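This report refers to the structure that appears directly beneath it.
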Amino acid sequence: MDDLHLIEEQTSSQEVFKGRLLHAFRDTVRLPDGSSATREYIVHPGAVMIVALLEDAAGELRVVLERQFRYPIGQVMIEFPAGKRDPAEELQLCAQRELQEETGYSAAQWARAGVLHPVISYSNEFIEIWFARGLTAGAPQLDPGEFLDVVTATPAELLLWCRDGTVTDGKTLAAALWLQNVLSGAWELTWHGALQQDIAG
């Protein structure tokens, strides 16, 4: 399909702000009809989110979640573990590192599910969705100033929370869709082992 009638071309770019997390730009673009417009957006290095599958003592499948206060929203949110990619970091290694650091779990098997773009109107951020299974418990290694609770839920409980508004985090809602379709057999995953690298450092 020809998208030329939709594409905008950058004609100039200005850095507006650079902080520890946010890197904001204001660009001028040429619109498809030849006129100009301004676009303000945030550049992001990308992130990962992990749907970690855990069997409890009774053999029931559960997923690993976090409860964390999110300052801009002013609420404690229920989310799948996730985190920002370090510069040039391989994305599976990022997923392995984030799962271990935030929850203490390491996983024997991994599968890349897909990618989502959570805020396409003002950021180039992407989040890769990874599934993990064969979990081994360990000690979390939270960053300074990071506080969260690690909790688990059955897939049915999670879907109920998505429906009733207990879970409103966009990436977690998207991952719940993946989880539902994987468990039903509608969507397949290709599993492989963990990458061998020290993820504790």
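Residue numbering restarts at 1 for every chain of the structure tokens, chains are lettered A, B, ... in their displayed order, and ligands are numbered from 1 as they appear.
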Name all residues at most 6 Å from range 115-124 of chain A (count only C-alpha atoms; drop same-chain ones fewer than 6 positions away) and give them as a PDB file with C-alpha atoms, in the first residue's frame.
```
ATOM      1  CA  TYR A  41       7.968  14.087  21.119  1.00  0.00           C
ATOM      2  CA  ILE A  42      10.126  12.051  23.499  1.00  0.00           C
ATOM      3  CA  VAL A  43      12.952   9.766  22.354  1.00  0.00           C
TER       4      VAL A  43
END
```
I want to know what sits within 12 Å of range 55-65 of chain A, based on only C-alpha atoms, with residues of the same chain fewer than 4 positions away left out; could you give that as a PyMOL selection string? chain A and resi 49-51+77-82+99-100+102-107+131-137+148-159+167+169+172+175-176+179-180+183
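Between Gly193 in chain A and the residues A:Glu125, A:Leu177, A:Ala139, A:Leu93, the shortest atom-to-atom distance, using only C-alpha atoms, involves A:Leu93.
The set of residues in range 114-173 of chain A assigned to helix (DSSP H, G or I) by DSSP, using only backbone atoms of this structure, is Pro155, Ala156, Glu157, Leu158, Leu159, Leu160, Trp161, Cys162, Arg163, Asp164, Gly170, Lys171, Thr172 and Leu173 of chain A.
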Counting only C-alpha atoms, figure out which residue out of A:Leu4, A:Leu22, A:Ala108, A:Ala47 gets nearest to Gly83 in chain A. A:Ala47
Here CA of Asp33 in chain A and CA of Glu15 in chain A stand apart by 26.0 Å
Considering only C-alpha atoms, state which residue in the set A:Gly46, A:Gly114, A:Gln109, A:Gly19 is at the smallest distance from Glu89 in chain A.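 Among the listed residues, the smallest separation from Glu89 in chain A belongs to A:Gly46.
Each of A:Phe17, A:Trp130, A:Tyr71, A:Phe147 was checked against Leu53 in chain A using only C-alpha atoms; the smallest atom-to-atom distance is that of A:Trp130.
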